[in-house]
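Here is query.pdb, consisting of PDB, C-alpha atoms:
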ATOM      1  CA  MET A  29     -18.439   2.399  13.076
ATOM      2  CA  ARG A  30     -15.535   1.967  10.675
ATOM      3  CA  ARG A  31     -13.809   4.284   8.247
ATOM      4  CA  VAL A  32     -14.063   3.356   4.579
ATOM      5  CA  ASN A  33     -10.998   3.487   2.319
ATOM      6  CA  ARG A  34     -12.769   5.572  -0.306
ATOM      7  CA  CYS A  35     -13.530   9.196  -1.112
ATOM      8  CA  ALA A  36     -17.076  10.291  -1.985
ATOM      9  CA  LEU A  37     -17.479  12.289  -5.169
ATOM     10  CA  VAL A  38     -20.794  14.194  -5.096
ATOM     11  CA  VAL A  39     -21.788  15.288  -8.629
ATOM     12  CA  ARG A  40     -24.624  17.732  -9.375
ATOM     13  CA  PRO A  41     -25.978  19.127 -12.672
ATOM     14  CA  SER A  42     -25.261  22.659 -13.750
ATOM     15  CA  GLN A  43     -27.488  24.694 -16.063
ATOM     16  CA  PRO A  44     -26.414  23.135 -19.412
ATOM     17  CA  PHE A  45     -27.255  19.705 -18.006
ATOM     18  CA  VAL A  46     -30.649  20.936 -16.806
ATOM     19  CA  ASP A  47     -31.390  22.371 -20.269
ATOM     20  CA  TRP A  48     -30.514  18.998 -21.827
ATOM     21  CA  VAL A  49     -32.799  17.148 -19.366
ATOM     22  CA  ARG A  50     -35.725  19.383 -20.332
ATOM     23  CA  GLN A  51     -35.161  18.467 -24.005
ATOM     24  CA  VAL A  52     -34.885  14.675 -23.647
ATOM     25  CA  ASP A  53     -37.421  14.115 -20.834
ATOM     26  CA  ARG A  54     -39.940  16.909 -21.235
ATOM     27  CA  ASP A  55     -42.878  15.192 -19.536
ATOM     28  CA  TYR A  56     -41.100  14.347 -16.309
ATOM     29  CA  ALA A  57     -38.934  17.467 -16.204
ATOM     30  CA  ALA A  58     -41.989  19.698 -16.697
ATOM     31  CA  GLY A  59     -43.059  18.970 -13.122
ATOM     32  CA  LEU A  60     -39.677  19.926 -11.677
ATOM     33  CA  SER A  61     -38.176  23.328 -11.103
ATOM     34  CA  ASP A  62     -34.632  24.203 -12.111
ATOM     35  CA  GLU A  63     -33.730  24.148  -8.415
ATOM     36  CA  ASP A  64     -34.964  20.557  -8.133
ATOM     37  CA  LEU A  65     -32.950  19.458 -11.146
ATOM     38  CA  LEU A  66     -29.819  21.273  -9.993
ATOM     39  CA  ALA A  67     -30.060  19.486  -6.639
ATOM     40  CA  SER A  68     -30.413  15.994  -8.169
ATOM     41  CA  ASP A  69     -26.976  14.703  -7.251
ATOM     42  CA  GLU A  70     -25.243  11.347  -7.593
ATOM     43  CA  VAL A  71     -22.483   9.979  -5.349
ATOM     44  CA  PHE A  72     -19.501   8.042  -6.726
ATOM     45  CA  LEU A  73     -16.857   6.348  -4.598
ATOM     46  CA  THR A  74     -13.260   6.855  -5.667
ATOM     47  CA  PRO A  75      -9.993   5.446  -4.292
ATOM     48  CA  LEU A  76      -8.857   7.098  -1.082
ATOM     49  CA  PHE A  77      -6.650  10.084  -1.889
ATOM     50  CA  HIS A  78      -5.480  12.410   0.881
ATOM     51  CA  VAL A  79      -4.461  15.173  -1.512
ATOM     52  CA  PRO A  80      -7.278  16.969  -3.433
ATOM     53  CA  GLU A  81      -5.118  17.226  -6.549
ATOM     54  CA  ASP A  82      -4.890  13.416  -6.726
ATOM     55  CA  THR A  83      -8.677  13.096  -6.514
ATOM     56  CA  GLU A  84      -9.160  15.662  -9.269
ATOM     57  CA  GLU A  85      -6.594  13.898 -11.445
ATOM     58  CA  TYR A  86      -8.407  10.599 -10.936
ATOM     59  CA  LEU A  87     -11.753  12.231 -11.767
ATOM     60  CA  GLU A  88     -10.322  13.786 -14.921
ATOM     61  CA  LYS A  89      -9.243  10.351 -16.149
ATOM     62  CA  ASN A  90     -12.672   8.879 -15.321
ATOM     63  CA  ALA A  91     -14.791  11.894 -16.294
ATOM     64  CA  THR A  92     -16.499  10.156 -19.209
ATOM     65  CA  ARG A  93     -17.666   7.231 -17.061
ATOM     66  CA  VAL A  94     -19.092   9.546 -14.400
ATOM     67  CA  PHE A  95     -20.676  11.812 -17.033
ATOM     68  CA  GLU A  96     -22.370   8.843 -18.722
ATOM     69  CA  ALA A  97     -23.743   7.622 -15.406
ATOM     70  CA  MET A  98     -25.331  11.036 -14.857
ATOM     71  CA  LEU A  99     -26.772  11.064 -18.394
ATOM     72  CA  HIS A 100     -28.099   7.512 -18.051
ATOM     73  CA  ARG A 101     -30.145   8.551 -15.028
ATOM     74  CA  TRP A 102     -32.295  10.775 -17.278
ATOM     75  CA  CYS A 103     -32.067   9.063 -20.665
ATOM     76  CA  TYR A 104     -31.355   5.405 -21.461
ATOM     77  CA  ASP A 105     -30.706   6.067 -25.147
ATOM     78  CA  PRO A 106     -27.005   6.984 -25.742
ATOM     79  CA  ARG A 107     -27.951   8.395 -29.149
ATOM     80  CA  LYS A 108     -29.531  11.349 -27.358
ATOM     81  CA  TRP A 109     -26.491  12.040 -25.212
ATOM     82  CA  PRO A 110     -24.049  14.814 -26.109
ATOM     83  CA  LYS A 111     -21.355  13.520 -28.458
ATOM     84  CA  GLU A 112     -18.540  15.072 -26.460
ATOM     85  CA  ARG A 113     -18.387  13.620 -22.946
ATOM     86  CA  GLY A 114     -14.819  14.293 -21.910
ATOM     87  CA  TRP A 115     -13.326  16.339 -19.100
ATOM     88  CA  GLY A 116     -13.952  19.713 -20.750
ATOM     89  CA  VAL A 117     -17.702  19.166 -21.225
ATOM     90  CA  PHE A 118     -17.901  17.523 -17.813
ATOM     91  CA  GLN A 119     -16.729  20.762 -16.205
ATOM     92  CA  GLU A 120     -19.306  22.788 -18.153
ATOM     93  CA  TRP A 121     -22.274  20.504 -17.465
ATOM     94  CA  LEU A 122     -21.559  19.302 -13.932
ATOM     95  CA  ASN A 123     -20.400  20.515 -10.543
ATOM     96  CA  TYR A 124     -18.724  18.309  -7.967
ATOM     97  CA  GLU A 125     -17.308  18.202  -4.470
ATOM     98  CA  VAL A 126     -15.238  15.578  -2.654
ATOM     99  CA  ALA A 127     -15.684  14.140   0.848
ATOM    100  CA  VAL A 128     -12.570  12.414   2.180
ATOM    101  CA  ASP A 129     -13.554  10.967   5.570
ATOM    102  CA  LEU A 130     -16.234   8.309   5.080
ATOM    103  CA  HIS A 131     -17.602   6.254   7.972
ATOM    104  CA  ASP A 132     -19.626   3.058   7.675
ATOM    105  CA  LEU A 133     -22.386   3.145  10.308
ATOM    106  CA  PRO A 134     -24.206  -0.190   9.731
ATOM    107  CA  ALA A 135     -22.725  -3.375  11.177
ATOM    108  CA  ALA A 136     -23.473  -5.334   7.991
ATOM    109  CA  PRO A 137     -20.589  -5.632   5.510
ATOM    110  CA  LEU A 138     -20.518  -3.532   2.371
ATOM    111  CA  ARG A 139     -21.708  -5.336  -0.736
ATOM    112  CA  HIS A 140     -21.345  -4.652  -4.430
ATOM    113  CA  GLY A 141     -24.393  -4.876  -6.667
ATOM    114  CA  GLU A 142     -24.453  -5.494 -10.380
ATOM    115  CA  ARG A 143     -21.964  -3.536 -12.412
ATOM    116  CA  ALA A 144     -23.414  -0.572 -14.242
ATOM    117  CA  SER A 145     -22.544  -0.372 -17.932
ATOM    118  CA  TYR A 146     -23.291   2.794 -19.904
ATOM    119  CA  GLY A 147     -22.925   3.466 -23.584
ATOM    120  CA  GLY A 148     -22.668  -0.220 -24.466
ATOM    121  CA  LYS A 149     -19.063  -0.544 -23.233
ATOM    122  CA  GLU A 150     -17.426  -1.657 -20.056
ATOM    123  CA  PRO A 151     -13.721  -2.332 -19.593
ATOM    124  CA  GLU A 152     -13.119  -6.023 -19.050
ATOM    125  CA  PHE A 153     -10.310  -5.121 -16.679
ATOM    126  CA  GLU A 154     -11.759  -1.947 -15.200
ATOM    127  CA  PHE A 155      -9.087  -1.052 -12.655
ATOM    128  CA  TRP A 156      -6.358  -1.589 -15.256
ATOM    129  CA  GLU A 157      -7.500   1.373 -17.317
ATOM    130  CA  SER A 158      -8.458   3.650 -14.449
ATOM    131  CA  VAL A 159      -5.592   3.299 -11.987
ATOM    132  CA  LEU A 160      -2.666   1.783 -13.836
ATOM    133  CA  ASP A 161      -2.749   4.724 -16.239
ATOM    134  CA  ASP A 162      -1.954   6.996 -13.295
ATOM    135  CA  TYR A 163       1.605   5.651 -13.174
ATOM    136  CA  GLU A 164       4.126   8.116 -14.544
ATOM    137  CA  GLU A 165       7.760   8.275 -13.531
ATOM    138  CA  GLN A 166       7.181   6.966 -10.011
ATOM    139  CA  VAL A 167       4.678   4.752  -8.270
ATOM    140  CA  HIS A 168       2.263   6.709  -6.085
ATOM    141  CA  HIS A 169       2.088   4.797  -2.782
ATOM    142  CA  VAL A 170      -1.677   5.281  -2.407
ATOM    143  CA  ARG A 171      -2.471   4.499  -6.022
ATOM    144  CA  SER A 172      -0.300   1.384  -6.003
ATOM    145  CA  GLU A 173      -2.245   0.043  -3.017
ATOM    146  CA  VAL A 174      -5.547   0.840  -4.717
ATOM    147  CA  TRP A 175      -4.320  -0.811  -7.895
ATOM    148  CA  SER A 176      -3.253  -3.974  -6.033
ATOM    149  CA  ASP A 177      -6.633  -4.068  -4.297
ATOM    150  CA  GLY A 178      -8.324  -3.879  -7.681
ATOM    151  CA  LEU A 179      -6.126  -6.541  -9.215
ATOM    152  CA  PHE A 180      -6.671  -9.046  -6.431
ATOM    153  CA  ARG A 181     -10.389  -8.302  -6.238
ATOM    154  CA  GLU A 182     -10.695  -9.190  -9.930
ATOM    155  CA  PHE A 183      -8.332 -12.152  -9.527
ATOM    156  CA  GLU A 184     -10.354 -13.598  -6.626
ATOM    157  CA  GLY A 185     -13.284 -14.399  -8.895
ATOM    158  CA  SER A 186     -11.236 -15.788 -11.781
ATOM    159  CA  PRO A 187     -11.143 -19.473 -12.849
ATOM    160  CA  GLU A 188      -7.376 -19.429 -12.231
ATOM    161  CA  ALA A 189      -7.886 -18.469  -8.577
ATOM    162  CA  ASN A 190     -10.759 -20.899  -8.067
ATOM    163  CA  ALA A 191      -8.553 -23.763  -9.299
ATOM    164  CA  LEU A 192      -6.021 -23.189  -6.505
ATOM    165  CA  GLN A 193      -6.005 -25.689  -3.657
ATOM    166  CA  THR A 194      -4.830 -23.111  -1.126
ATOM    167  CA  ARG A 195      -4.684 -19.300  -0.982
ATOM    168  CA  VAL A 196      -1.778 -18.096   1.122
ATOM    169  CA  GLY A 197      -1.357 -14.412   0.251
ATOM    170  CA  GLY A 198       2.195 -14.698  -1.045
ATOM    171  CA  ALA A 199       1.372 -13.104  -4.405
ATOM    172  CA  ARG A 200       0.098  -9.915  -2.773
ATOM    173  CA  LEU A 201       3.201  -9.772  -0.591
ATOM    174  CA  VAL A 202       5.417 -10.008  -3.680
ATOM    175  CA  LEU A 203       3.549  -7.306  -5.626
ATOM    176  CA  ASP A 204       3.552  -4.973  -2.635
ATOM    177  CA  TYR A 205       7.334  -5.365  -2.522
ATOM    178  CA  VAL A 206       7.547  -4.416  -6.207
ATOM    179  CA  HIS A 207       5.494  -1.269  -5.539
ATOM    180  CA  VAL A 208       6.799  -0.129  -2.169
ATOM    181  CA  TYR A 209      10.447  -1.198  -2.042
ATOM    182  CA  ARG A 210      11.374  -1.246  -5.724
ATOM    183  CA  ASN A 211       9.119   1.675  -6.706
ATOM    184  CA  GLU A 212       8.097  -0.133  -9.897
ATOM    185  CA  PRO A 213       4.619  -0.383 -11.477
ATOM    186  CA  PHE A 214       3.273  -3.811 -12.342
ATOM    187  CA  SER A 215       3.301  -2.849 -16.017
ATOM    188  CA  GLU A 216       7.138  -2.790 -15.892
ATOM    189  CA  ILE A 217       7.557  -6.169 -14.202
ATOM    190  CA  ASN A 218       9.769  -8.837 -15.789
ATOM    191  CA  ALA A 219      11.168 -12.213 -14.765
ATOM    192  CA  GLU A 220      14.282 -10.705 -13.150
ATOM    193  CA  LEU A 221      12.280  -8.222 -11.088
ATOM    194  CA  LEU A 222       9.783 -10.899 -10.098
ATOM    195  CA  GLU A 223      12.543 -13.242  -8.895
ATOM    196  CA  ASP A 224      14.140 -10.492  -6.811
ATOM    197  CA  ALA A 225      10.758  -9.536  -5.365
ATOM    198  CA  MET A 226       9.890 -13.126  -4.465
ATOM    199  CA  PHE A 227      13.037 -13.785  -2.466
ATOM    200  CA  SER A 228      13.303 -10.310  -0.942
ATOM    201  CA  ALA A 229       9.653 -10.013   0.077
ATOM    202  CA  LEU A 230       9.479 -13.504   1.555
ATOM    203  CA  GLN A 231      12.692 -13.003   3.498
ATOM    204  CA  LEU A 232      11.256  -9.774   4.908
ATOM    205  CA  ARG A 233       7.876 -11.122   5.999
ATOM    206  CA  GLY A 234       7.098 -14.524   4.524
ATOM    207  CA  PHE A 235       8.465 -16.523   7.436
ATOM    208  CA  GLU A 236       6.428 -14.463   9.902
ATOM    209  CA  ILE A 237       3.081 -15.533   8.457
ATOM    210  CA  GLY A 238       3.893 -19.159   7.776
ATOM    211  CA  LEU A 239       4.083 -19.158   3.975
ATOM    212  CA  ASP A 240       5.538 -22.059   2.017
ATOM    213  CA  GLY A 241       7.309 -21.993  -1.329
ATOM    214  CA  ALA A 242       5.046 -24.397  -3.218
ATOM    215  CA  SER A 243       1.834 -22.499  -2.417
ATOM    216  CA  ILE A 244       3.414 -19.162  -3.306
ATOM    217  CA  VAL A 245       4.627 -20.434  -6.669
ATOM    218  CA  GLU A 246       1.208 -21.880  -7.514
ATOM    219  CA  GLU A 247      -0.559 -18.652  -6.555
ATOM    220  CA  LEU A 248       1.806 -16.550  -8.675
ATOM    221  CA  LYS A 249       1.341 -18.917 -11.613
ATOM    222  CA  ALA A 250      -2.418 -18.454 -11.327
ATOM    223  CA  LEU A 251      -2.080 -14.661 -11.081
ATOM    224  CA  PHE A 252       0.175 -14.302 -14.125
ATOM    225  CA  GLY A 253      -1.944 -16.769 -16.062
ATOM    226  CA  TYR A 254      -4.932 -14.577 -15.273
ATOM    227  CA  VAL A 255      -3.408 -11.273 -16.415
ATOM    228  CA  GLN A 256      -2.033 -12.986 -19.500
ATOM    229  CA  ARG A 257      -5.525 -14.165 -20.431
ATOM    230  CA  VAL A 258      -7.484 -11.032 -19.519
ATOM    231  CA  VAL A 259      -5.250  -8.219 -20.752
ATOM    232  CA  ASP A 260      -2.732 -10.110 -22.872
ATOM    233  CA  PHE A 261       0.042  -9.026 -20.502
ATOM    234  CA  GLU A 262       3.230  -9.547 -22.518
ATOM    235  CA  PRO A 263       5.753 -10.076 -19.639
ATOM    236  CA  ALA A 264       3.580 -12.889 -18.270
ATOM    237  CA  ASP A 265       5.252 -15.474 -20.523
ATOM    238  CA  ALA A 266       8.728 -14.881 -19.087
ATOM    239  CA  CYS A 267       7.363 -14.711 -15.531
ATOM    240  CA  LEU A 268       5.531 -18.005 -15.964
ATOM    241  CA  GLU A 269       8.711 -19.635 -17.294
ATOM    242  CA  LEU A 270      10.543 -18.468 -14.166
ATOM    243  CA  LEU A 271       7.809 -19.908 -11.944
ATOM    244  CA  LYS A 272       8.178 -23.294 -13.650
ATOM    245  CA  ARG A 273      11.870 -23.520 -12.730
ATOM    246  CA  GLU A 274      12.690 -26.831 -11.079
ATOM    247  CA  GLY A 275      13.493 -26.485  -7.400
ATOM    248  CA  LEU A 276      12.158 -22.930  -7.095
ATOM    249  CA  SER A 277       9.797 -23.858  -4.252
ATOM    250  CA  ALA A 278      12.652 -25.424  -2.277
ATOM    251  CA  GLU A 279      14.822 -22.332  -2.864
ATOM    252  CA  LEU A 280      12.076 -20.118  -1.464
ATOM    253  CA  ASP A 281      11.628 -22.376   1.571
ATOM    254  CA  ALA A 282      15.382 -22.308   2.228
ATOM    255  CA  ALA A 283      15.484 -18.512   1.948
ATOM    256  CA  MET A 284      12.581 -18.125   4.366
ATOM    257  CA  GLN A 285      14.162 -20.587   6.806
ATOM    258  CA  GLU A 286      17.463 -18.694   6.703
ATOM    259  CA  ALA A 287      15.609 -15.448   7.395
ATOM    260  CA  ALA A 288      13.691 -17.103  10.240
ATOM    261  CA  ASP A 289      16.937 -18.393  11.808
ATOM    262  CA  LYS A 290      18.560 -14.948  11.621
ATOM    263  CA  HIS A 291      15.441 -13.363  13.086
ATOM    264  CA  ALA A 292      15.445 -15.872  15.960
ATOM    265  CA  ALA A 293      19.181 -15.314  16.641
ATOM    266  CA  ASN A 294      18.721 -11.540  16.677
ATOM    267  CA  LYS A 295      15.748 -11.937  18.982
ATOM    268  CA  ARG A 296      17.788 -14.061  21.416
ATOM    269  CA  ALA A 297      20.653 -11.541  21.353
ATOM    270  CA  ARG A 298      18.255  -8.656  22.049
ATOM    271  CA  LYS A 299      16.699 -10.601  24.910
ATOM    272  CA  ALA A 300      20.120 -11.301  26.472
ATOM    273  CA  ASP A 301      21.044  -7.606  26.226
ATOM    274  CA  GLU A 302      17.737  -6.628  27.803
ATOM    275  CA  GLU A 303      18.257  -9.114  30.657
ATOM    276  CA  ARG A 304      21.779  -7.780  31.384
ATOM    277  CA  LEU A 305      20.506  -4.218  31.357
ATOM    278  CA  ALA A 306      17.629  -5.109  33.650
ATOM    279  CA  ALA A 307      19.990  -6.857  36.097
ATOM    280  CA  GLY A 308      22.260  -3.805  36.266
ATOM    281  CA  GLN A 309      19.310  -1.483  36.831
ATOM    282  CA  ALA A 310      18.043  -3.747  39.602
ATOM    283  CA  LEU A 311      21.430  -3.587  41.404
ATOM    284  CA  LEU A 312      21.502   0.191  41.163
ATOM    285  CA  ALA A 313      17.950   0.451  42.428
ATOM    286  CA  SER A 314      18.646  -1.802  45.439
ATOM    287  CA  GLY A 315      21.828   0.056  46.499
ATOM    288  CA  LEU A 316      23.942  -3.145  46.370
ATOM    289  CA  TRP A 317      26.104  -1.808  43.574
ATOM    290  CA  ALA A 318      27.789   0.703  45.878
ATOM    291  CA  GLY A 319      28.705  -2.080  48.309
ATOM    292  CA  LEU A 320      30.227  -4.212  45.563
ATOM    293  CA  GLN A 321      32.669  -1.518  44.539
ATOM    294  CA  LYS A 322      35.792  -0.868  46.660
ATOM    295  CA  PRO A 323      37.502   2.529  46.809
ATOM    296  CA  PHE A 324      40.519   2.933  44.582
ATOM    297  CA  VAL A 325      43.729   3.637  46.565
ATOM    298  CA  VAL A 326      46.840   5.144  44.974
ATOM    299  CA  ARG A 327      49.852   3.364  46.420
ATOM    300  CA  GLU A 328      53.188   5.217  46.644
ATOM    301  CA  PRO A 329      56.346   3.147  45.971
ATOM    302  CA  GLU A 330      57.944   1.930  49.286
ATOM    303  CA  LEU A 331      61.279   3.604  50.308
ATOM    304  CA  GLY A 332      64.267   1.697  51.611
ATOM    305  CA  ARG A 333      65.871   2.713  54.961
ATOM    306  CA  ASN A 334      68.925   4.127  53.213
ATOM    307  CA  ASP A 335      67.044   5.859  50.372
ATOM    308  CA  PRO A 336      66.812   9.666  50.282
ATOM    309  CA  CYS A 337      63.747  10.756  52.196
ATOM    310  CA  ALA A 338      60.811  11.738  50.071
ATOM    311  CA  CYS A 339      60.272  14.972  52.033
ATOM    312  CA  GLY A 340      63.320  16.561  50.366
ATOM    313  CA  SER A 341      65.371  17.116  53.557
ATOM    314  CA  GLY A 342      68.451  15.471  52.019
ATOM    315  CA  LYS A 343      68.674  12.996  54.895
ATOM    316  CA  LYS A 344      68.256   9.253  54.589
ATOM    317  CA  TYR A 345      64.770   7.963  55.149
ATOM    318  CA  LYS A 346      65.802   6.053  58.335
ATOM    319  CA  ARG A 347      67.053   9.266  59.992
ATOM    320  CA  CYS A 348      64.159  11.461  58.831
ATOM    321  CA  CYS A 349      60.519  10.627  58.279
ATOM    322  CA  LEU A 350      60.861   6.940  59.162
ATOM    323  CA  THR A 351      61.870   7.906  62.720
ATOM    324  CA  VAL A 352      58.983  10.330  62.940
ATOM    325  CA  SER A 353      56.446   7.799  61.675
TER     326      SER A 353
END
Target format structure tokens, applied to this file:
Amino acid sequence: MRRVNRCALVVRPSQPFVDWVRQVDRDYAAGLSDEDLLASDEVFLTPLFHVPEDTEEYLEKNATRVFEAMLHRWCYDPRKWPKERGWGVFQEWLNYEVAVDLHDLPAAPLRHGERASYGGKEPEFEFWESVLDDYEEQVHHVRSEVWSDGLFREFEGSPEANALQTRVGGARLVLDYVHVYRNEPFSEINAELLEDAMFSALQLRGFEIGLDGASIVEELKALFGYVQRVVDFEPADACLELLKREGLSAELDAAMQEAADKHAANKRARKADEERLAAGQALLASGLWAGLQKPFVVREPELGRNDPCACGSGKKYKRCCLTVS
């Protein structure tokens, strides 16, 4: 049993919706009580938000899509739907509740069926409108991950991705760096930011997972070619020019190799420190350390026979304490 990275939005009709159903589908609705109609819920999966306010904000931005799905269940003809289908009418016609912890019981993987399209329209780049619009002054760490998931899910099935010889994952690593470390949305990306993200992200983790510069460059070219084609993404031109720079792949390989060498040197230094510490602890535990240390003795300066005696008698040392000793 595995947890699913989604929230479940359970939507149920309220009385205005029930009244509308009885008008547009009188024959079928005549055999149902109001209680039956009020209990006829639908479940929608949303991105995983841990704060209820984030889920409600996401629902508000997608209220029309959810509302139309509920209407479509009872009437296929959009001409009979209410003209206003925004957030305000949604709250009057529908009730909802959110379940955060979802668990997948079956062993079989989750699959997506055909996309539902209501009202004759469907965004060509669905996640772009629903999640990217959530960006304000800062990038929300959960939303940015959801947005990247959506982008790469759409990208996976594109002709640009299918034309790649290899898929190495470097593009996702770079975009995650833009979101997490630079706190920038993808909509604000430019060639300068992309270059910084490429070198910084690959130096952080690229060498650990065996990436190579040529494959990363080709994957990023495909990604920016895709967003340029699908949503006419204006910064894509400058980013693609950067990715065509001669020697860029070799520069990335050199940066990753330098990072790998530093990582290996630090690892060797940590290992040497750990070995020295372990050796010292072993000596202490065995009791040998006490035998290796000799007591410290304070030595007094030696007195000559004719020097004043150190006892303060006023006699010479040879006629005082020296005779006694």
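Shortest atom-to-atom contact with Gly253 of chain A among A:Ser186, A:Ser68, A:Gln119, A:Thr74: A:Ser186, counting only C-alpha atoms.
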### Summary
Of A:Cys339, A:Leu201, A:Ala57, A:Ala97, the one nearest to Ile244 of chain A when counting all atoms listed in the file is A:Leu201
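Residues in contact range of Glu220 of chain A, defined as at most 12 Å between all atoms listed in the file, with sequence neighbours fewer than 4 positions away removed, read A:Val206, A:Glu216, A:Asp224, A:Ala225, A:Met226, A:Phe227, A:Pro263, A:Ala266, A:Cys267, A:Leu268, A:Glu269, A:Leu270, A:Leu271.
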### Message
One number please: atom CA of Pro44 of chain A to atom CA of Glu84 of chain A, in Å, one decimal.
### Response
21.4 Å
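Here atom CA of Arg30 of chain A and atom CA of Leu130 of chain A stand 8.5 Å from one another.
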### Task
Enumerate, as a PyMOL selection string, the residues matched when the PyMOL selection byres ((chain A and resi 69-73) around 10) is run on the file above.
chain A and resi 33-41+64-68+74-76+94+97-98+101+122-127+130
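For the pair atom CA of Gly197 of chain A and atom CA of Lys272 of chain A, the separation is 19.1 Å.
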### Message
When the PyMOL selection byres ((chain A and resi 280) around 12) is applied to the structure above, which residues does it catch, written out as a ChimeraX atom specification?
### Response
/A:198,223-231,234-235,239-245,271,273-279,281-287
### Task
Could you give me, as a PyMOL selection string, the residues within 12 Å of Glu184 of chain A, counting only C-alpha atoms and dropping anything in the same chain fewer than 3 positions from it?
chain A and resi 176-181+187-192+195+197+199-200+247+250-251+254
Fix up segment 93-106 of chain A with N, CA, C and O atoms, then write it as a compact mmCIF listing (two decimals), in the coordinates of the input.
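Listed below is the output, part.txt:
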# COMPACT_ATOMS: atom_id res chain seq x y z
N ARG A 93 -16.86 8.25 -17.74
CA ARG A 93 -17.67 7.23 -17.06
C ARG A 93 -18.67 7.87 -16.10
O ARG A 93 -19.83 7.47 -16.03
N VAL A 94 -18.20 8.87 -15.34
CA VAL A 94 -19.09 9.55 -14.40
C VAL A 94 -20.16 10.34 -15.16
O VAL A 94 -21.35 10.31 -14.80
N PHE A 95 -19.74 11.02 -16.22
CA PHE A 95 -20.68 11.81 -17.03
C PHE A 95 -21.77 10.91 -17.60
O PHE A 95 -22.97 11.23 -17.55
N GLU A 96 -21.39 9.75 -18.13
CA GLU A 96 -22.37 8.84 -18.72
C GLU A 96 -23.33 8.28 -17.68
O GLU A 96 -24.51 8.04 -17.97
N ALA A 97 -22.85 8.08 -16.48
CA ALA A 97 -23.74 7.62 -15.41
C ALA A 97 -24.79 8.68 -15.09
O ALA A 97 -25.98 8.36 -14.86
N MET A 98 -24.38 9.95 -15.09
CA MET A 98 -25.33 11.04 -14.86
C MET A 98 -26.34 11.13 -16.00
O MET A 98 -27.54 11.33 -15.78
N LEU A 99 -25.88 11.00 -17.24
CA LEU A 99 -26.77 11.06 -18.39
C LEU A 99 -27.76 9.90 -18.40
O LEU A 99 -28.94 10.06 -18.71
N HIS A 100 -27.27 8.72 -18.04
CA HIS A 100 -28.10 7.51 -18.05
C HIS A 100 -29.27 7.62 -17.07
O HIS A 100 -30.33 7.01 -17.27
N ARG A 101 -29.07 8.38 -16.01
CA ARG A 101 -30.14 8.55 -15.03
C ARG A 101 -31.38 9.17 -15.66
O ARG A 101 -32.51 8.88 -15.27
N TRP A 102 -31.18 10.03 -16.68
CA TRP A 102 -32.30 10.78 -17.28
C TRP A 102 -32.69 10.25 -18.66
O TRP A 102 -33.79 10.51 -19.13
N CYS A 103 -31.77 9.55 -19.31
CA CYS A 103 -32.07 9.06 -20.66
C CYS A 103 -31.29 7.78 -20.92
O CYS A 103 -30.05 7.79 -20.87
N TYR A 104 -32.00 6.69 -21.22
CA TYR A 104 -31.36 5.40 -21.46
C TYR A 104 -30.76 5.29 -22.86
O TYR A 104 -29.99 4.37 -23.13
N ASP A 105 -31.13 6.16 -23.75
CA ASP A 105 -30.71 6.07 -25.15
C ASP A 105 -29.43 6.89 -25.37
O ASP A 105 -29.48 8.12 -25.40
N PRO A 106 -28.26 6.24 -25.55
CA PRO A 106 -27.00 6.98 -25.74
C PRO A 106 -27.01 7.86 -26.98
O PRO A 106 -26.20 8.80 -27.07
